[in-house]
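> One structure follows; several queries about it will come next.
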Protein chains: 2
Amino acid sequence: MAKLQKSIDKRNALVQATIELVNNNGFHATPMSKIAKMAKVSPATIYLYFENKQDLVNQTYIDVKAEYTNYAFENYDESMSVEAGFEYIWKRIADFKLKECEHAMFLAQCDNTPMIDEPSRMEGIKHLQPLVDLWQRGKKEGIIKPLSDFILYAYAINPLSFLMINQKRGTFKMDESHIEEAYQAAWDSIKMNA
Amino acid sequence: MAKLQKSIDKRNALVQATIELVNNNGFHATPMSKIAKMAKVSPATIYLYFENKQDLVNQTYIDVKAEYTNYAFENYDESMSVEAGFEYIWKRIADFKLKECEHAMFLAQCDNTPMIDEPSRMEGIKHLQPLVDLWQRGKKEGIIKPLSDFILYAYAINPLSFLMINQKRGTFKMDESHIEEAYQAAWDSIKMNA
DNA sequence: AAAAAAAGAATGAACGTTCATTTTTACTTA
DNA sequence: TAAGTAAAAATGAACGTTCATTCTTTTTTT
């Protein structure tokens, strides 16, 4: 067990170093040697945990995506009303993007780049199902517009990435009232008009 | 003039090759040699037009961003009503993202990445002023919510990038009615409620 | 014929990955 | 428990390759 524990620590350190370096320098400017140095590990050691650089970045992506969705749906209760459920999930996601903004930033970068391979992307998307189910119910009840899940995600969730990036970049400062405003915009964009 | 013409052609070919290769392989996997080959030029020739790789990608970004905003505001008339003006600009942007999706894809990739340096990013953002002015007017007239321009952009415009990327990736097919739905979601998110 | 533009080949640095070796761990036996 | 040992984990140095960039020469333009 001591051995296994140690291994997990190293793997985590490598994943964390990958996130930080890719965030700050981009994938193109983060060599394995730097990742190793930041994780306080020999370059050769990386290859005990990951097949190659592509595998390292794929696994990092999947890890962070899982962390993201776990956070989003923690304590979410499917018996909530559609509106309450949406507000709950939305605010959890907003919370994640602000508190774990390093990780959220990494995801945003991956999502617009051919950095991640298709299978890993598919793997990452799987855990959003509860949100899709909620929307499904909302459409049936006439509370949410009958739109494709992609459009709903584009308007209800994705704008948070843009805001988070600009906050991280320092071009925009997000405070409590901004979050409330953003939530209102998100809900207005997908809710059925009376 | 013949000389200058020839030069511009080569520069354009280099910019276009950069866009295609970065789109398909990512910045980290597009060597200068490939860019040169695709532009049918010697690698050394690139350095007659650009200082280095960073400069090439910066200038490509600025070029495409200018093309984007020129397209968005072509024939836009500031005397339109706020709602009509917004619809006009929004649909021009949607048009651009669908018709020039290679170029839009490139911008989306740049926008979430430390690939572009800060000065070039600032340069690229400048030409959005007419839209900001329109929003300003809309807020004054009580037609558009009194939100930060970042939030307005996040909800009114940015979702198109997400939809475009997924369309390009083949996970989502955008047709005429989807565009109309997306427009409605965009407008609902930023318009004042009666 | 001089100047400008372009080319291909060359260069040194940096990269991802592997190799040979050492260190640590886990287990056996006394 | 202590010594011995085999396996696993980790390492730093090395490898071959690829990259961005430059150098020298050739071609094109004026």
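Ligands are numbered from 1 in the order shown, residues from 1 within each chain, and chains are lettered A, B, ... in the order they appear in the structure tokens.
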Write down, as a list in words, each residue of chain D that has any atom within 10 Å of an atom of chain B, counting only C-alpha atoms (C1' of nucleotides).
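Therefore, the residues near the partner are DT18, DC19, DA20, DT21, DT22 and DT29 of chain D.
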> Check which residues of chain C sit at most 10 Å from chain A using only C-alpha atoms (C1' of nucleotides), and return one row each with the closest pair of atoms and their distance in Å to one decimal, ordered by chain and rising number, as JSON lines.

{"residue": "C:DA14", "atom": "C1'", "partner": "A:Pro31", "partner_atom": "CA", "distance": 9.1}
{"residue": "C:DC15", "atom": "C1'", "partner": "A:Pro31", "partner_atom": "CA", "distance": 7.1}
{"residue": "C:DG16", "atom": "C1'", "partner": "A:Met32", "partner_atom": "CA", "distance": 7.2}
{"residue": "C:DT17", "atom": "C1'", "partner": "A:Ala44", "partner_atom": "CA", "distance": 8.1}
{"residue": "C:DT18", "atom": "C1'", "partner": "A:Ala44", "partner_atom": "CA", "distance": 8.2}
{"residue": "C:DT24", "atom": "C1'", "partner": "A:Lys3", "partner_atom": "CA", "distance": 9.9}
{"residue": "C:DT25", "atom": "C1'", "partner": "A:Lys3", "partner_atom": "CA", "distance": 7.5}
{"residue": "C:DA26", "atom": "C1'", "partner": "A:Lys3", "partner_atom": "CA", "distance": 9.6}
> Keeping N, CA and C atoms (P, O5', C5', C4', C3', O3' and C1' of nucleotides), export the residues of the selection given above as a compact mmCIF listing (two decimals), in the first residue's frame.

# COMPACT_ATOMS: atom_id res chain seq x y z
P DA C 14 18.56 25.23 -26.44
O5' DA C 14 17.28 24.31 -26.68
C5' DA C 14 16.38 24.66 -27.71
C4' DA C 14 15.42 23.51 -27.90
C3' DA C 14 15.05 22.81 -26.59
O3' DA C 14 13.66 22.58 -26.59
C1' DA C 14 15.90 21.23 -28.12
P DC C 15 12.90 22.13 -25.32
O5' DC C 15 12.08 20.86 -25.79
C5' DC C 15 11.49 20.87 -27.09
C4' DC C 15 11.49 19.47 -27.63
C3' DC C 15 11.08 18.42 -26.61
O3' DC C 15 9.67 18.25 -26.66
C1' DC C 15 12.86 17.68 -28.05
P DG C 16 8.97 17.39 -25.52
O5' DG C 16 9.06 15.91 -26.10
C5' DG C 16 8.41 15.61 -27.32
C4' DG C 16 8.72 14.18 -27.71
C3' DG C 16 8.24 13.14 -26.69
O3' DG C 16 7.73 12.02 -27.41
C1' DG C 16 10.60 13.01 -26.91
P DT C 17 7.07 10.81 -26.63
O5' DT C 17 8.34 9.87 -26.43
C5' DT C 17 9.01 9.40 -27.60
C4' DT C 17 10.28 8.67 -27.19
C3' DT C 17 10.09 7.53 -26.18
O3' DT C 17 10.35 6.31 -26.87
C1' DT C 17 12.04 8.82 -25.72
P DT C 18 10.27 4.92 -26.09
O5' DT C 18 11.83 4.67 -25.78
C5' DT C 18 12.74 4.72 -26.85
C4' DT C 18 14.14 4.41 -26.33
C3' DT C 18 14.25 3.13 -25.51
O3' DT C 18 15.47 2.52 -25.90
C1' DT C 18 15.09 4.93 -24.26
P DT C 24 17.45 5.24 -1.95
O5' DT C 24 16.15 4.34 -2.04
C5' DT C 24 15.09 4.75 -2.90
C4' DT C 24 14.06 3.65 -2.96
C3' DT C 24 13.54 3.21 -1.60
O3' DT C 24 12.15 3.45 -1.60
C1' DT C 24 14.06 1.33 -2.98
P DT C 25 11.26 3.08 -0.32
O5' DT C 25 10.69 1.65 -0.72
C5' DT C 25 9.96 1.49 -1.93
C4' DT C 25 9.62 0.03 -2.12
C3' DT C 25 8.94 -0.61 -0.92
O3' DT C 25 7.66 -1.05 -1.33
C1' DT C 25 10.68 -1.99 -1.78
P DA C 26 6.66 -1.82 -0.35
O5' DA C 26 7.03 -3.34 -0.63
C5' DA C 26 7.09 -3.83 -1.97
C4' DA C 26 7.22 -5.33 -1.92
C3' DA C 26 6.46 -5.99 -0.77
O3' DA C 26 5.86 -7.17 -1.28
C1' DA C 26 8.78 -6.47 -0.55
> Could you name the residues that touch Asp117 in chain A at 12 Å or less, counting only C-alpha atoms (C1' of nucleotides), but leaving out those on the same chain fewer than 2 positions away, as a compact mmCIF listing (two decimals) with C-alpha atoms, in the first residue's frame?

# COMPACT_ATOMS: atom_id res chain seq x y z
CA GLN A 54 -0.04 12.38 -25.99
CA ASP A 55 -1.17 9.83 -23.44
CA LEU A 56 -0.14 12.12 -20.58
CA VAL A 57 -2.19 14.99 -21.91
CA ASN A 58 -5.17 12.77 -22.76
CA GLN A 59 -5.24 11.28 -19.28
CA TYR A 61 -7.83 15.90 -19.73
CA ILE A 62 -9.97 12.95 -18.67
CA CYS A 110 -8.28 21.49 -24.66
CA ASP A 111 -11.78 22.00 -25.95
CA ASN A 112 -10.73 24.25 -28.82
CA THR A 113 -7.58 22.48 -29.85
CA PRO A 114 -6.57 19.27 -31.66
CA MET A 115 -4.43 18.59 -28.58
CA PRO A 119 -11.63 8.91 -27.90
CA SER A 120 -10.51 10.94 -24.89
CA ARG A 121 -12.88 13.72 -25.85
CA MET A 122 -15.77 11.26 -26.00
CA GLU A 123 -14.75 9.81 -22.65
CA GLY A 124 -14.76 13.28 -21.14
CA ASN B 24 -5.79 20.39 -38.32
CA ASN B 25 -2.72 19.60 -36.25
CA GLY B 26 -2.51 22.29 -33.60
CA ARG B 169 -15.96 18.37 -35.48
> Find the residues in chain A near chain B: any atom within 8 Å counts, using only C-alpha atoms. Write them as a PyMOL selection string.
chain A and resi 23-29+108-109+112-115+147+150-151+154-155+158-160+162-163+165+172+181-182+184-190
> Would you kindly return, as a PDB file with N, CA and C atoms (P, O5', C5', C4', C3', O3' and C1' of nucleotides), in the first residue's frame, each protein, DNA or RNA residue with an atom no farther than 12 Å from any atom of DT24 in chain D, considering only C-alpha atoms (C1' of nucleotides) and excluding same-chain residues fewer than 3 positions away?

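Final file, result_37.pdb:
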ATOM      1  P    DA C   7      11.012  29.992 -53.300  1.00  0.00           P
ATOM      2  O5'  DA C   7      12.410  29.240 -53.302  1.00  0.00           O
ATOM      3  C5'  DA C   7      13.026  28.927 -54.545  1.00  0.00           C
ATOM      4  C4'  DA C   7      14.361  28.289 -54.295  1.00  0.00           C
ATOM      5  C3'  DA C   7      14.277  27.141 -53.284  1.00  0.00           C
ATOM      6  O3'  DA C   7      14.444  25.923 -53.968  1.00  0.00           O
ATOM      7  C1'  DA C   7      16.101  28.630 -52.793  1.00  0.00           C
ATOM      8  P    DG C   8      13.993  24.588 -53.290  1.00  0.00           P
ATOM      9  O5'  DG C   8      15.381  23.970 -52.808  1.00  0.00           O
ATOM     10  C5'  DG C   8      16.484  23.979 -53.702  1.00  0.00           C
ATOM     11  C4'  DG C   8      17.746  23.640 -52.934  1.00  0.00           C
ATOM     12  C3'  DG C   8      17.604  22.442 -51.989  1.00  0.00           C
ATOM     13  O3'  DG C   8      18.823  21.734 -52.004  1.00  0.00           O
ATOM     14  C1'  DG C   8      18.203  24.349 -50.730  1.00  0.00           C
ATOM     15  P    DA C   9      19.007  20.349 -51.252  1.00  0.00           P
ATOM     16  O5'  DA C   9      20.410  20.575 -50.536  1.00  0.00           O
ATOM     17  C5'  DA C   9      21.259  21.653 -50.965  1.00  0.00           C
ATOM     18  C4'  DA C   9      22.138  22.068 -49.800  1.00  0.00           C
ATOM     19  C3'  DA C   9      22.400  20.960 -48.790  1.00  0.00           C
ATOM     20  O3'  DA C   9      23.743  21.072 -48.338  1.00  0.00           O
ATOM     21  C1'  DA C   9      21.367  22.763 -47.689  1.00  0.00           C
ATOM     22  P    DA C  10      24.363  20.140 -47.233  1.00  0.00           P
ATOM     23  O5'  DA C  10      24.526  21.130 -46.010  1.00  0.00           O
ATOM     24  C5'  DA C  10      25.119  22.407 -46.218  1.00  0.00           C
ATOM     25  C4'  DA C  10      25.123  23.158 -44.903  1.00  0.00           C
ATOM     26  C3'  DA C  10      25.515  22.313 -43.698  1.00  0.00           C
ATOM     27  O3'  DA C  10      26.432  23.051 -42.911  1.00  0.00           O
ATOM     28  C1'  DA C  10      23.410  23.320 -43.315  1.00  0.00           C
TER      29       DA C  10
END
> Pick out each residue of chain A that DSSP on the backbone tags as alpha helix (DSSP H); I need them as a VMD selection string.
chain A and resid 2 to 25 32 to 38 43 to 49 53 to 73 82 to 99 101 to 111 118 to 125 129 to 140 149 to 156 159 to 169 176 to 190
> Take the selection from the previous step and output its residues with C-alpha atoms, as a short mmCIF file (atom, residue, chain, number, x, y, z; two decimals), in the first residue's frame.

data_model
loop_
_atom_site.label_atom_id
_atom_site.label_comp_id
_atom_site.auth_asym_id
_atom_site.auth_seq_id
_atom_site.Cartn_x
_atom_site.Cartn_y
_atom_site.Cartn_z
CA ALA A 2 2.83 2.37 0.78
CA LYS A 3 4.17 1.68 -2.68
CA LEU A 4 0.86 2.27 -4.37
CA GLN A 5 0.34 5.48 -2.42
CA LYS A 6 3.68 6.81 -3.54
CA SER A 7 2.88 5.99 -7.13
CA ILE A 8 -0.41 7.83 -7.04
CA ASP A 9 1.30 10.88 -5.60
CA LYS A 10 3.75 10.93 -8.46
CA ARG A 11 1.09 10.47 -11.06
CA ASN A 12 -0.88 13.33 -9.54
CA ALA A 13 2.17 15.54 -9.45
CA LEU A 14 2.75 14.87 -13.14
CA VAL A 15 -0.86 15.62 -14.02
CA GLN A 16 -0.80 18.81 -11.98
CA ALA A 17 2.46 19.94 -13.56
CA THR A 18 1.03 19.29 -17.00
CA ILE A 19 -1.98 21.47 -16.21
CA GLU A 20 0.10 24.35 -14.92
CA LEU A 21 2.64 24.33 -17.71
CA VAL A 22 0.13 23.91 -20.51
CA ASN A 23 -1.96 26.72 -19.03
CA ASN A 24 0.92 29.12 -18.87
CA ASN A 25 2.92 28.21 -21.94
CA MET A 32 8.51 16.66 -21.01
CA SER A 33 11.69 17.79 -19.31
CA LYS A 34 9.91 20.77 -17.75
CA ILE A 35 6.97 18.65 -16.65
CA ALA A 36 9.40 16.27 -15.00
CA LYS A 37 11.23 19.07 -13.29
CA MET A 38 8.06 20.65 -11.93
CA PRO A 43 11.99 12.53 -17.29
CA ALA A 44 12.30 8.78 -17.60
CA THR A 45 9.87 8.30 -14.74
CA ILE A 46 7.04 9.86 -16.72
CA TYR A 47 7.15 6.85 -19.00
CA LEU A 48 6.45 4.52 -16.09
CA TYR A 49 3.07 6.22 -15.68
CA LYS A 53 3.28 12.78 -24.18
CA GLN A 54 -0.04 12.38 -25.99
CA ASP A 55 -1.17 9.83 -23.44
CA LEU A 56 -0.14 12.12 -20.58
CA VAL A 57 -2.19 14.99 -21.91
CA ASN A 58 -5.17 12.77 -22.76
CA GLN A 59 -5.24 11.28 -19.28
CA THR A 60 -4.85 14.70 -17.72
CA TYR A 61 -7.83 15.90 -19.73
CA ILE A 62 -9.97 12.95 -18.67
CA ASP A 63 -8.98 13.37 -15.03
CA VAL A 64 -9.86 17.05 -14.95
CA LYS A 65 -13.09 16.55 -16.87
CA ALA A 66 -14.16 13.93 -14.33
CA GLU A 67 -13.29 16.28 -11.48
CA TYR A 68 -15.36 18.98 -13.19
CA THR A 69 -18.49 16.88 -13.60
CA ASN A 70 -18.17 15.35 -10.14
CA TYR A 71 -18.11 18.83 -8.71
CA ALA A 72 -21.02 19.95 -10.88
CA PHE A 73 -23.34 17.17 -9.76
CA VAL A 82 -36.36 21.77 -13.43
CA GLU A 83 -35.66 25.38 -12.64
CA ALA A 84 -34.19 24.68 -9.20
CA GLY A 85 -32.13 21.81 -10.56
CA PHE A 86 -30.75 23.93 -13.35
CA GLU A 87 -29.86 26.73 -10.99
CA TYR A 88 -28.15 24.30 -8.67
CA ILE A 89 -26.03 22.70 -11.39
CA TRP A 90 -25.28 26.02 -13.07
CA LYS A 91 -24.00 27.54 -9.85
CA ARG A 92 -21.91 24.50 -9.05
CA ILE A 93 -20.31 24.82 -12.48
CA ALA A 94 -19.77 28.54 -12.04
CA ASP A 95 -18.23 27.81 -8.66
CA PHE A 96 -15.88 25.28 -10.15
CA LYS A 97 -14.79 27.59 -12.92
CA LEU A 98 -13.96 30.33 -10.45
CA LYS A 99 -12.45 28.30 -7.63
CA CYS A 101 -9.85 28.13 -12.45
CA GLU A 102 -6.51 26.52 -13.26
CA HIS A 103 -8.32 23.31 -14.05
CA ALA A 104 -11.17 25.02 -15.85
CA MET A 105 -8.66 26.95 -17.93
CA PHE A 106 -6.96 23.74 -18.94
CA LEU A 107 -10.27 22.25 -20.09
CA ALA A 108 -11.13 25.36 -22.09
CA GLN A 109 -7.82 25.16 -23.85
CA CYS A 110 -8.28 21.49 -24.66
CA ASP A 111 -11.78 22.00 -25.95
CA GLU A 118 -11.20 11.94 -30.22
CA PRO A 119 -11.63 8.91 -27.90
CA SER A 120 -10.51 10.94 -24.89
CA ARG A 121 -12.88 13.72 -25.85
CA MET A 122 -15.77 11.26 -26.00
CA GLU A 123 -14.75 9.81 -22.65
CA GLY A 124 -14.76 13.28 -21.14
CA ILE A 125 -18.23 14.18 -22.34
CA GLN A 129 -25.72 13.01 -18.68
CA PRO A 130 -27.60 14.30 -15.60
CA LEU A 131 -27.72 17.76 -17.13
CA VAL A 132 -28.97 16.39 -20.43
CA ASP A 133 -31.64 14.42 -18.55
CA LEU A 134 -32.72 17.54 -16.70
CA TRP A 135 -33.07 19.43 -19.96
CA GLN A 136 -35.05 16.56 -21.40
CA ARG A 137 -37.48 16.80 -18.51
CA GLY A 138 -37.62 20.58 -18.84
CA LYS A 139 -38.54 20.31 -22.49
CA LYS A 140 -41.25 17.80 -21.74
CA ASP A 149 -28.55 19.91 -26.31
CA PHE A 150 -25.65 21.52 -28.13
CA ILE A 151 -27.48 24.81 -28.40
CA LEU A 152 -28.60 24.61 -24.79
CA TYR A 153 -25.03 23.97 -23.67
CA ALA A 154 -23.70 26.72 -25.92
CA TYR A 155 -25.93 29.33 -24.25
CA ALA A 156 -26.46 28.02 -20.76
CA PRO A 159 -20.35 31.35 -21.76
CA LEU A 160 -18.86 30.68 -18.34
CA SER A 161 -15.69 29.50 -20.06
CA PHE A 162 -15.35 32.77 -21.90
CA LEU A 163 -15.87 34.75 -18.71
CA MET A 164 -13.45 32.59 -16.78
CA ILE A 165 -10.73 32.96 -19.40
CA ASN A 166 -11.07 36.72 -19.42
CA GLN A 167 -11.02 36.80 -15.65
CA LYS A 168 -7.86 34.71 -15.63
CA ARG A 169 -6.36 36.96 -18.27
CA GLU A 176 -20.89 37.91 -6.93
CA SER A 177 -23.30 40.22 -8.73
CA HIS A 178 -21.75 39.32 -12.09
CA ILE A 179 -22.42 35.68 -11.35
CA GLU A 180 -26.04 36.44 -10.62
CA GLU A 181 -26.32 38.45 -13.83
CA ALA A 182 -24.70 35.69 -15.83
CA TYR A 183 -27.04 33.15 -14.32
CA GLN A 184 -30.02 35.26 -15.32
CA ALA A 185 -28.71 35.56 -18.87
CA ALA A 186 -28.17 31.81 -19.04
CA TRP A 187 -31.66 31.05 -17.79
CA ASP A 188 -33.28 33.67 -20.01
CA SER A 189 -31.62 32.17 -23.04
CA ILE A 190 -33.04 28.67 -22.56
#
> Identify, on the basis of only C-alpha atoms (C1' of nucleotides), every residue whose closest approach to DT28 in chain C does not exceed 10 Å; exclude the query and any residue fewer than 5 positions from it along the same chain; express the result as an mmCIF file with C-alpha atoms (C1' of nucleotides), in the first residue's frame.

data_model
loop_
_atom_site.group_PDB
_atom_site.id
_atom_site.type_symbol
_atom_site.label_atom_id
_atom_site.label_comp_id
_atom_site.auth_asym_id
_atom_site.auth_seq_id
_atom_site.Cartn_x
_atom_site.Cartn_y
_atom_site.Cartn_z
ATOM 1 C "C1'" DG D 4 19.824 -11.619 1.987
ATOM 2 C "C1'" DT D 5 17.686 -11.275 -2.489
ATOM 3 C "C1'" DA D 6 14.836 -10.663 -6.302
#
> Mind pulling up the distance from CA of Phe50 in chain A to C1' of DC19 in chain C?
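The value is 17.7 Å.
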